[in-house]
file run-v8.txt (compact mmCIF, N, CA, C and O atoms)
# COMPACT_ATOMS: atom_id res chain seq x y z
N MET A 1 -18.73 71.98 163.78
CA MET A 1 -19.79 71.92 164.77
C MET A 1 -21.02 72.70 164.30
O MET A 1 -22.13 72.19 164.38
N ILE A 2 -20.83 73.89 163.79
CA ILE A 2 -21.96 74.70 163.35
C ILE A 2 -22.60 74.09 162.11
O ILE A 2 -23.82 74.08 161.97
N LEU A 3 -21.78 73.56 161.21
CA LEU A 3 -22.31 72.94 159.99
C LEU A 3 -23.22 71.77 160.33
O LEU A 3 -24.28 71.59 159.72
N ARG A 4 -22.83 70.98 161.30
CA ARG A 4 -23.67 69.85 161.69
C ARG A 4 -25.00 70.32 162.26
O ARG A 4 -26.05 69.74 161.98
N THR A 5 -24.98 71.39 163.03
CA THR A 5 -26.21 71.94 163.60
C THR A 5 -27.12 72.46 162.50
O THR A 5 -28.33 72.27 162.54
N VAL A 6 -26.56 73.12 161.50
CA VAL A 6 -27.35 73.63 160.38
C VAL A 6 -28.00 72.47 159.63
O VAL A 6 -29.17 72.54 159.25
N GLN A 7 -27.27 71.39 159.43
CA GLN A 7 -27.83 70.23 158.75
C GLN A 7 -28.96 69.61 159.56
O GLN A 7 -29.97 69.18 159.00
N GLN A 8 -28.81 69.56 160.86
CA GLN A 8 -29.86 69.01 161.71
C GLN A 8 -31.10 69.88 161.68
O GLN A 8 -32.22 69.37 161.62
N VAL A 9 -30.92 71.19 161.72
CA VAL A 9 -32.05 72.11 161.66
C VAL A 9 -32.76 71.97 160.31
O VAL A 9 -33.99 71.94 160.25
N ARG A 10 -32.00 71.86 159.23
CA ARG A 10 -32.58 71.67 157.91
C ARG A 10 -33.39 70.38 157.85
O ARG A 10 -34.51 70.36 157.33
N ARG A 11 -32.84 69.31 158.40
CA ARG A 11 -33.53 68.02 158.38
C ARG A 11 -34.84 68.09 159.17
O ARG A 11 -35.88 67.61 158.72
N VAL A 12 -34.80 68.68 160.36
CA VAL A 12 -36.00 68.81 161.18
C VAL A 12 -37.03 69.66 160.46
O VAL A 12 -38.24 69.35 160.45
N PHE A 13 -36.59 70.75 159.82
CA PHE A 13 -37.51 71.61 159.09
C PHE A 13 -38.18 70.85 157.95
O PHE A 13 -39.40 70.96 157.75
N LEU A 14 -37.42 70.07 157.18
CA LEU A 14 -38.00 69.29 156.08
C LEU A 14 -39.01 68.27 156.58
O LEU A 14 -40.06 68.08 155.97
N ILE A 15 -38.70 67.63 157.70
CA ILE A 15 -39.62 66.63 158.25
C ILE A 15 -40.92 67.29 158.72
O ILE A 15 -42.02 66.82 158.42
N ILE A 16 -40.80 68.40 159.44
CA ILE A 16 -41.99 69.10 159.93
C ILE A 16 -42.82 69.63 158.76
O ILE A 16 -44.04 69.49 158.73
N ALA A 17 -42.15 70.23 157.77
CA ALA A 17 -42.88 70.75 156.61
C ALA A 17 -43.55 69.62 155.83
O ALA A 17 -44.69 69.77 155.38
N GLY A 18 -42.88 68.48 155.68
CA GLY A 18 -43.46 67.36 154.97
C GLY A 18 -44.71 66.82 155.64
O GLY A 18 -45.74 66.60 154.99
N PHE A 19 -44.63 66.62 156.95
CA PHE A 19 -45.80 66.11 157.66
C PHE A 19 -46.93 67.15 157.70
O PHE A 19 -48.11 66.79 157.65
N THR A 20 -46.58 68.43 157.76
CA THR A 20 -47.59 69.47 157.73
C THR A 20 -48.33 69.47 156.39
O THR A 20 -49.56 69.59 156.35
N LEU A 21 -47.56 69.32 155.30
CA LEU A 21 -48.20 69.26 153.98
C LEU A 21 -49.07 68.01 153.84
O LEU A 21 -50.15 68.07 153.23
N LEU A 22 -48.60 66.89 154.38
CA LEU A 22 -49.44 65.68 154.34
C LEU A 22 -50.75 65.89 155.07
O LEU A 22 -51.82 65.52 154.57
N LEU A 23 -50.69 66.49 156.24
CA LEU A 23 -51.89 66.74 157.02
C LEU A 23 -52.82 67.72 156.31
O LEU A 23 -54.03 67.50 156.22
N ALA A 24 -52.24 68.80 155.76
CA ALA A 24 -53.05 69.78 155.04
C ALA A 24 -53.69 69.14 153.80
O ALA A 24 -54.85 69.42 153.48
N GLY A 25 -52.95 68.28 153.12
CA GLY A 25 -53.50 67.60 151.95
C GLY A 25 -54.64 66.68 152.31
O GLY A 25 -55.63 66.58 151.60
N ALA A 26 -54.50 65.98 153.44
CA ALA A 26 -55.58 65.10 153.90
C ALA A 26 -56.83 65.90 154.21
O ALA A 26 -57.95 65.48 153.90
N VAL A 27 -56.67 67.07 154.80
CA VAL A 27 -57.82 67.93 155.09
C VAL A 27 -58.44 68.42 153.78
O VAL A 27 -59.66 68.48 153.64
N MET A 28 -57.58 68.74 152.81
CA MET A 28 -58.08 69.24 151.52
C MET A 28 -58.80 68.18 150.70
O MET A 28 -59.49 68.51 149.74
N LEU A 29 -58.65 66.93 151.05
CA LEU A 29 -59.39 65.89 150.33
C LEU A 29 -60.88 65.99 150.62
O LEU A 29 -61.70 65.60 149.77
N VAL A 30 -61.25 66.49 151.80
CA VAL A 30 -62.66 66.61 152.14
C VAL A 30 -63.14 68.05 152.10
O VAL A 30 -64.33 68.31 152.24
N THR A 31 -62.23 68.99 151.94
CA THR A 31 -62.59 70.40 151.80
C THR A 31 -62.07 70.88 150.45
O THR A 31 -61.26 70.20 149.82
N PRO A 32 -62.50 72.03 149.99
CA PRO A 32 -62.01 72.52 148.70
C PRO A 32 -60.50 72.78 148.73
O PRO A 32 -59.98 73.38 149.67
N GLY A 33 -59.84 72.32 147.72
CA GLY A 33 -58.39 72.54 147.62
C GLY A 33 -57.72 71.40 146.88
O GLY A 33 -58.30 70.34 146.67
N PRO A 34 -56.49 71.63 146.46
CA PRO A 34 -55.76 70.61 145.69
C PRO A 34 -55.12 69.57 146.62
O PRO A 34 -53.89 69.54 146.80
N GLY A 35 -55.92 68.72 147.21
CA GLY A 35 -55.44 67.77 148.21
C GLY A 35 -54.37 66.82 147.72
O GLY A 35 -53.34 66.65 148.37
N MET A 36 -54.57 66.20 146.57
CA MET A 36 -53.58 65.23 146.07
C MET A 36 -52.26 65.91 145.74
O MET A 36 -51.20 65.34 145.98
N LEU A 37 -52.31 67.10 145.20
CA LEU A 37 -51.09 67.83 144.88
C LEU A 37 -50.29 68.14 146.14
O LEU A 37 -49.08 67.95 146.19
N VAL A 38 -50.98 68.59 147.18
CA VAL A 38 -50.30 68.93 148.44
C VAL A 38 -49.75 67.67 149.11
O VAL A 38 -48.64 67.69 149.65
N ILE A 39 -50.48 66.57 149.05
CA ILE A 39 -49.98 65.31 149.59
C ILE A 39 -48.73 64.88 148.84
O ILE A 39 -47.74 64.45 149.45
N PHE A 40 -48.75 65.01 147.53
CA PHE A 40 -47.59 64.62 146.72
C PHE A 40 -46.38 65.51 147.05
O PHE A 40 -45.24 65.02 147.12
N LEU A 41 -46.60 66.80 147.27
CA LEU A 41 -45.50 67.69 147.66
C LEU A 41 -44.95 67.31 149.03
O LEU A 41 -43.73 67.32 149.24
N GLY A 42 -45.83 66.98 149.96
CA GLY A 42 -45.38 66.54 151.28
C GLY A 42 -44.57 65.27 151.22
O GLY A 42 -43.53 65.13 151.88
N LEU A 43 -45.02 64.32 150.40
CA LEU A 43 -44.26 63.08 150.22
C LEU A 43 -42.91 63.35 149.58
O LEU A 43 -41.91 62.70 149.89
N GLY A 44 -42.86 64.33 148.68
CA GLY A 44 -41.60 64.69 148.05
C GLY A 44 -40.59 65.20 149.06
O GLY A 44 -39.40 64.87 149.00
N LEU A 45 -41.05 66.01 149.99
CA LEU A 45 -40.15 66.49 151.05
C LEU A 45 -39.72 65.35 151.96
O LEU A 45 -38.54 65.25 152.32
N LEU A 46 -40.65 64.51 152.33
CA LEU A 46 -40.31 63.41 153.22
C LEU A 46 -39.45 62.35 152.54
O LEU A 46 -38.67 61.66 153.20
N ALA A 47 -39.57 62.22 151.22
CA ALA A 47 -38.78 61.23 150.49
C ALA A 47 -37.29 61.55 150.54
O ALA A 47 -36.46 60.66 150.36
N ALA A 48 -36.95 62.80 150.80
CA ALA A 48 -35.53 63.16 150.94
C ALA A 48 -34.93 62.58 152.21
O ALA A 48 -33.71 62.42 152.31
N GLU A 49 -35.76 62.22 153.18
CA GLU A 49 -35.27 61.73 154.46
C GLU A 49 -35.67 60.29 154.77
O GLU A 49 -34.97 59.60 155.49
N PHE A 50 -36.82 59.84 154.24
CA PHE A 50 -37.35 58.54 154.62
C PHE A 50 -37.56 57.65 153.40
O PHE A 50 -38.11 58.07 152.39
N VAL A 51 -37.16 56.40 153.52
CA VAL A 51 -37.31 55.43 152.43
C VAL A 51 -38.79 55.10 152.22
O VAL A 51 -39.25 54.96 151.09
N TRP A 52 -39.57 54.99 153.30
CA TRP A 52 -40.98 54.64 153.17
C TRP A 52 -41.73 55.68 152.35
O TRP A 52 -42.62 55.35 151.57
N ALA A 53 -41.37 56.96 152.50
CA ALA A 53 -42.04 58.02 151.73
C ALA A 53 -41.66 57.93 150.26
O ALA A 53 -42.50 58.13 149.38
N ARG A 54 -40.40 57.61 149.98
CA ARG A 54 -39.95 57.46 148.59
C ARG A 54 -40.68 56.30 147.92
O ARG A 54 -41.14 56.41 146.78
N ARG A 55 -40.82 55.19 148.64
CA ARG A 55 -41.53 54.04 148.09
C ARG A 55 -42.99 54.34 147.84
O ARG A 55 -43.55 53.96 146.80
N LEU A 56 -43.63 55.03 148.77
CA LEU A 56 -45.03 55.38 148.62
C LEU A 56 -45.23 56.34 147.45
O LEU A 56 -46.16 56.18 146.65
N MET A 57 -44.34 57.31 147.31
CA MET A 57 -44.44 58.25 146.21
C MET A 57 -44.25 57.54 144.87
O MET A 57 -44.99 57.79 143.92
N ASN A 58 -43.29 56.62 144.79
CA ASN A 58 -43.08 55.87 143.56
C ASN A 58 -44.29 54.99 143.22
O ASN A 58 -44.66 54.85 142.06
N ARG A 59 -44.89 54.41 144.25
CA ARG A 59 -46.07 53.58 144.02
C ARG A 59 -47.24 54.42 143.51
O ARG A 59 -47.96 54.00 142.59
N ILE A 60 -47.43 55.60 144.08
CA ILE A 60 -48.51 56.48 143.63
C ILE A 60 -48.27 56.90 142.19
O ILE A 60 -49.20 56.92 141.37
N LYS A 61 -47.03 57.23 141.84
CA LYS A 61 -46.72 57.60 140.45
C LYS A 61 -46.99 56.44 139.50
O LYS A 61 -47.57 56.62 138.43
N HIS A 62 -46.58 55.25 139.89
CA HIS A 62 -46.77 54.07 139.04
C HIS A 62 -48.26 53.78 138.84
O HIS A 62 -48.72 53.56 137.71
N GLU A 63 -49.02 53.77 139.92
CA GLU A 63 -50.46 53.47 139.83
C GLU A 63 -51.19 54.56 139.07
O GLU A 63 -52.12 54.29 138.32
N GLY A 64 -50.79 55.82 139.26
CA GLY A 64 -51.41 56.92 138.53
C GLY A 64 -51.17 56.80 137.03
O GLY A 64 -52.07 57.03 136.22
N GLY A 65 -49.95 56.44 136.66
CA GLY A 65 -49.64 56.23 135.25
C GLY A 65 -50.40 55.06 134.66
O GLY A 65 -50.88 55.11 133.52
N ARG A 66 -50.54 54.02 135.44
CA ARG A 66 -51.29 52.84 134.99
C ARG A 66 -52.76 53.19 134.78
O ARG A 66 -53.38 52.80 133.78
N LEU A 67 -53.34 53.94 135.70
CA LEU A 67 -54.74 54.34 135.56
C LEU A 67 -54.92 55.30 134.38
O LEU A 67 -55.93 55.22 133.67
N ALA A 68 -53.96 56.18 134.17
CA ALA A 68 -54.05 57.11 133.04
C ALA A 68 -54.03 56.36 131.72
O ALA A 68 -54.77 56.69 130.80
N GLU A 69 -53.19 55.33 131.63
CA GLU A 69 -53.14 54.52 130.41
C GLU A 69 -54.44 53.75 130.21
O GLU A 69 -54.94 53.62 129.09
N ARG A 70 -55.00 53.27 131.29
CA ARG A 70 -56.22 52.46 131.19
C ARG A 70 -57.41 53.30 130.73
O ARG A 70 -58.25 52.83 129.96
N PHE A 71 -57.51 54.51 131.24
CA PHE A 71 -58.66 55.34 130.93
C PHE A 71 -58.39 56.39 129.85
O PHE A 71 -59.21 57.27 129.62
N ALA A 72 -57.25 56.29 129.19
CA ALA A 72 -56.92 57.25 128.14
C ALA A 72 -57.86 57.04 126.95
O ALA A 72 -58.15 55.92 126.55
N VAL A 73 -58.33 58.13 126.43
CA VAL A 73 -59.22 58.08 125.28
C VAL A 73 -58.36 58.25 124.04
O VAL A 73 -57.63 59.24 123.90
N THR A 74 -58.45 57.32 123.14
CA THR A 74 -57.68 57.41 121.91
C THR A 74 -58.54 58.02 120.82
O THR A 74 -59.72 57.69 120.67
N LYS A 75 -57.95 58.94 120.07
CA LYS A 75 -58.67 59.59 118.97
C LYS A 75 -58.33 58.89 117.67
O LYS A 75 -57.19 58.55 117.41
N LYS A 76 -59.34 58.69 116.85
CA LYS A 76 -59.12 58.03 115.55
C LYS A 76 -59.45 58.95 114.43
O LYS A 76 -60.19 59.83 114.46
call {"tool": "encode", "arguments": {"input": "run-v8.txt", "output": "structure tokens"}}
result
Amino acid sequence: MILRTVQQVRRVFLIIAGFTLLLAGAVMLVTPGPGMLVIFLGLGLLAAEFVWARRLMNRIKHEGGRLAERFAVTKK
């Protein structure tokens, strides 16, 4: 009984922390601060509980890698 309650409290804490980081990251996009990093951390926490967050995080990683390859400067 107590173990189940601890797991529920942990899950609620992760969800609240994830959404808080997402909100703080969104604010940091228009104010000084590492907005994208904080958003990515929030998605990482939420990905442990929600499939939609895992998919969004994977899509951001894929698109970021694609853009990095496209704009990479090659040295000769």
call {"tool": "select_by_dssp", "arguments": {"input": "run-v8.txt", "residues": "chain A", "states": "helix (DSSP H, G or I)", "output": "count of residues only"}}
result
62
call {"tool": "atom_distance", "arguments": {"input": "run-v8.txt", "atom1": "atom O of Ile60 in chain A", "atom2": "atom O of Ile39 in chain A"}}
result
11.1 Å
call {"tool": "closest_residue", "arguments": {"input": "run-v8.txt", "among": "A:Val6, A:Ala53, A:Val12, A:Val38", "to": "Ala24 in chain A", "atoms": "all atoms listed in the file"}}
result
A:Val38
call {"tool": "atom_distance", "arguments": {"input": "run-v8.txt", "atom1": "atom N of Ile16 in chain A", "atom2": "atom N of Phe40 in chain A"}}
result
14.7 Å
call {"tool": "axis_aligned_box", "arguments": {"input": "run-v8.txt", "around": "range 2-10 of chain A", "padding_each_side": "5 Å", "output": "lines of an AutoDock Vina configuration file"}}
result
center_x = -27.7
center_y = 71.9
center_z = 160.6
size_x = 23.7
size_y = 15.7
size_z = 16.5
call {"tool": "residues_around", "arguments": {"input": "run-v8.txt", "residues": "Gly42 in chain A", "least_positions_apart": "4", "cutoff": "12 Å", "atoms": "only C-alpha atoms", "output": "short mmCIF file (atom, residue, chain, number, x, y, z; two decimals) with N, CA, C and O atoms, in the coordinates of the input"}}
result
data_model
loop_
_atom_site.label_atom_id
_atom_site.label_comp_id
_atom_site.auth_asym_id
_atom_site.auth_seq_id
_atom_site.Cartn_x
_atom_site.Cartn_y
_atom_site.Cartn_z
N LEU A 14 -37.42 70.07 157.18
CA LEU A 14 -38.00 69.29 156.08
C LEU A 14 -39.01 68.27 156.58
O LEU A 14 -40.06 68.08 155.97
N ILE A 15 -38.70 67.63 157.70
CA ILE A 15 -39.62 66.63 158.25
C ILE A 15 -40.92 67.29 158.72
O ILE A 15 -42.02 66.82 158.42
N ILE A 16 -40.80 68.40 159.44
CA ILE A 16 -41.99 69.10 159.93
C ILE A 16 -42.82 69.63 158.76
O ILE A 16 -44.04 69.49 158.73
N ALA A 17 -42.15 70.23 157.77
CA ALA A 17 -42.88 70.75 156.61
C ALA A 17 -43.55 69.62 155.83
O ALA A 17 -44.69 69.77 155.38
N GLY A 18 -42.88 68.48 155.68
CA GLY A 18 -43.46 67.36 154.97
C GLY A 18 -44.71 66.82 155.64
O GLY A 18 -45.74 66.60 154.99
N PHE A 19 -44.63 66.62 156.95
CA PHE A 19 -45.80 66.11 157.66
C PHE A 19 -46.93 67.15 157.70
O PHE A 19 -48.11 66.79 157.65
N THR A 20 -46.58 68.43 157.76
CA THR A 20 -47.59 69.47 157.73
C THR A 20 -48.33 69.47 156.39
O THR A 20 -49.56 69.59 156.35
N LEU A 21 -47.56 69.32 155.30
CA LEU A 21 -48.20 69.26 153.98
C LEU A 21 -49.07 68.01 153.84
O LEU A 21 -50.15 68.07 153.23
N LEU A 22 -48.60 66.89 154.38
CA LEU A 22 -49.44 65.68 154.34
C LEU A 22 -50.75 65.89 155.07
O LEU A 22 -51.82 65.52 154.57
N LEU A 23 -50.69 66.49 156.24
CA LEU A 23 -51.89 66.74 157.02
C LEU A 23 -52.82 67.72 156.31
O LEU A 23 -54.03 67.50 156.22
N ALA A 24 -52.24 68.80 155.76
CA ALA A 24 -53.05 69.78 155.04
C ALA A 24 -53.69 69.14 153.80
O ALA A 24 -54.85 69.42 153.48
N GLY A 25 -52.95 68.28 153.12
CA GLY A 25 -53.50 67.60 151.95
C GLY A 25 -54.64 66.68 152.31
O GLY A 25 -55.63 66.58 151.60
N ALA A 26 -54.50 65.98 153.44
CA ALA A 26 -55.58 65.10 153.90
C ALA A 26 -56.83 65.90 154.21
O ALA A 26 -57.95 65.48 153.90
N GLY A 35 -55.92 68.72 147.21
CA GLY A 35 -55.44 67.77 148.21
C GLY A 35 -54.37 66.82 147.72
O GLY A 35 -53.34 66.65 148.37
N MET A 36 -54.57 66.20 146.57
CA MET A 36 -53.58 65.23 146.07
C MET A 36 -52.26 65.91 145.74
O MET A 36 -51.20 65.34 145.98
N LEU A 37 -52.31 67.10 145.20
CA LEU A 37 -51.09 67.83 144.88
C LEU A 37 -50.29 68.14 146.14
O LEU A 37 -49.08 67.95 146.19
N VAL A 38 -50.98 68.59 147.18
CA VAL A 38 -50.30 68.93 148.44
C VAL A 38 -49.75 67.67 149.11
O VAL A 38 -48.64 67.69 149.65
N LEU A 46 -40.65 64.51 152.33
CA LEU A 46 -40.31 63.41 153.22
C LEU A 46 -39.45 62.35 152.54
O LEU A 46 -38.67 61.66 153.20
N ALA A 47 -39.57 62.22 151.22
CA ALA A 47 -38.78 61.23 150.49
C ALA A 47 -37.29 61.55 150.54
O ALA A 47 -36.46 60.66 150.36
N ALA A 48 -36.95 62.80 150.80
CA ALA A 48 -35.53 63.16 150.94
C ALA A 48 -34.93 62.58 152.21
O ALA A 48 -33.71 62.42 152.31
N GLU A 49 -35.76 62.22 153.18
CA GLU A 49 -35.27 61.73 154.46
C GLU A 49 -35.67 60.29 154.77
O GLU A 49 -34.97 59.60 155.49
N PHE A 50 -36.82 59.84 154.24
CA PHE A 50 -37.35 58.54 154.62
C PHE A 50 -37.56 57.65 153.40
O PHE A 50 -38.11 58.07 152.39
N ALA A 53 -41.37 56.96 152.50
CA ALA A 53 -42.04 58.02 151.73
C ALA A 53 -41.66 57.93 150.26
O ALA A 53 -42.50 58.13 149.38
N ARG A 54 -40.40 57.61 149.98
CA ARG A 54 -39.95 57.46 148.59
C ARG A 54 -40.68 56.30 147.92
O ARG A 54 -41.14 56.41 146.78
N LEU A 56 -43.63 55.03 148.77
CA LEU A 56 -45.03 55.38 148.62
C LEU A 56 -45.23 56.34 147.45
O LEU A 56 -46.16 56.18 146.65
N MET A 57 -44.34 57.31 147.31
CA MET A 57 -44.44 58.25 146.21
C MET A 57 -44.25 57.54 144.87
O MET A 57 -44.99 57.79 143.92
#
call {"tool": "atom_distance", "arguments": {"input": "run-v8.txt", "atom1": "CA of Arg59 in chain A", "atom2": "CA of Gly33 in chain A"}}
result
22.9 Å
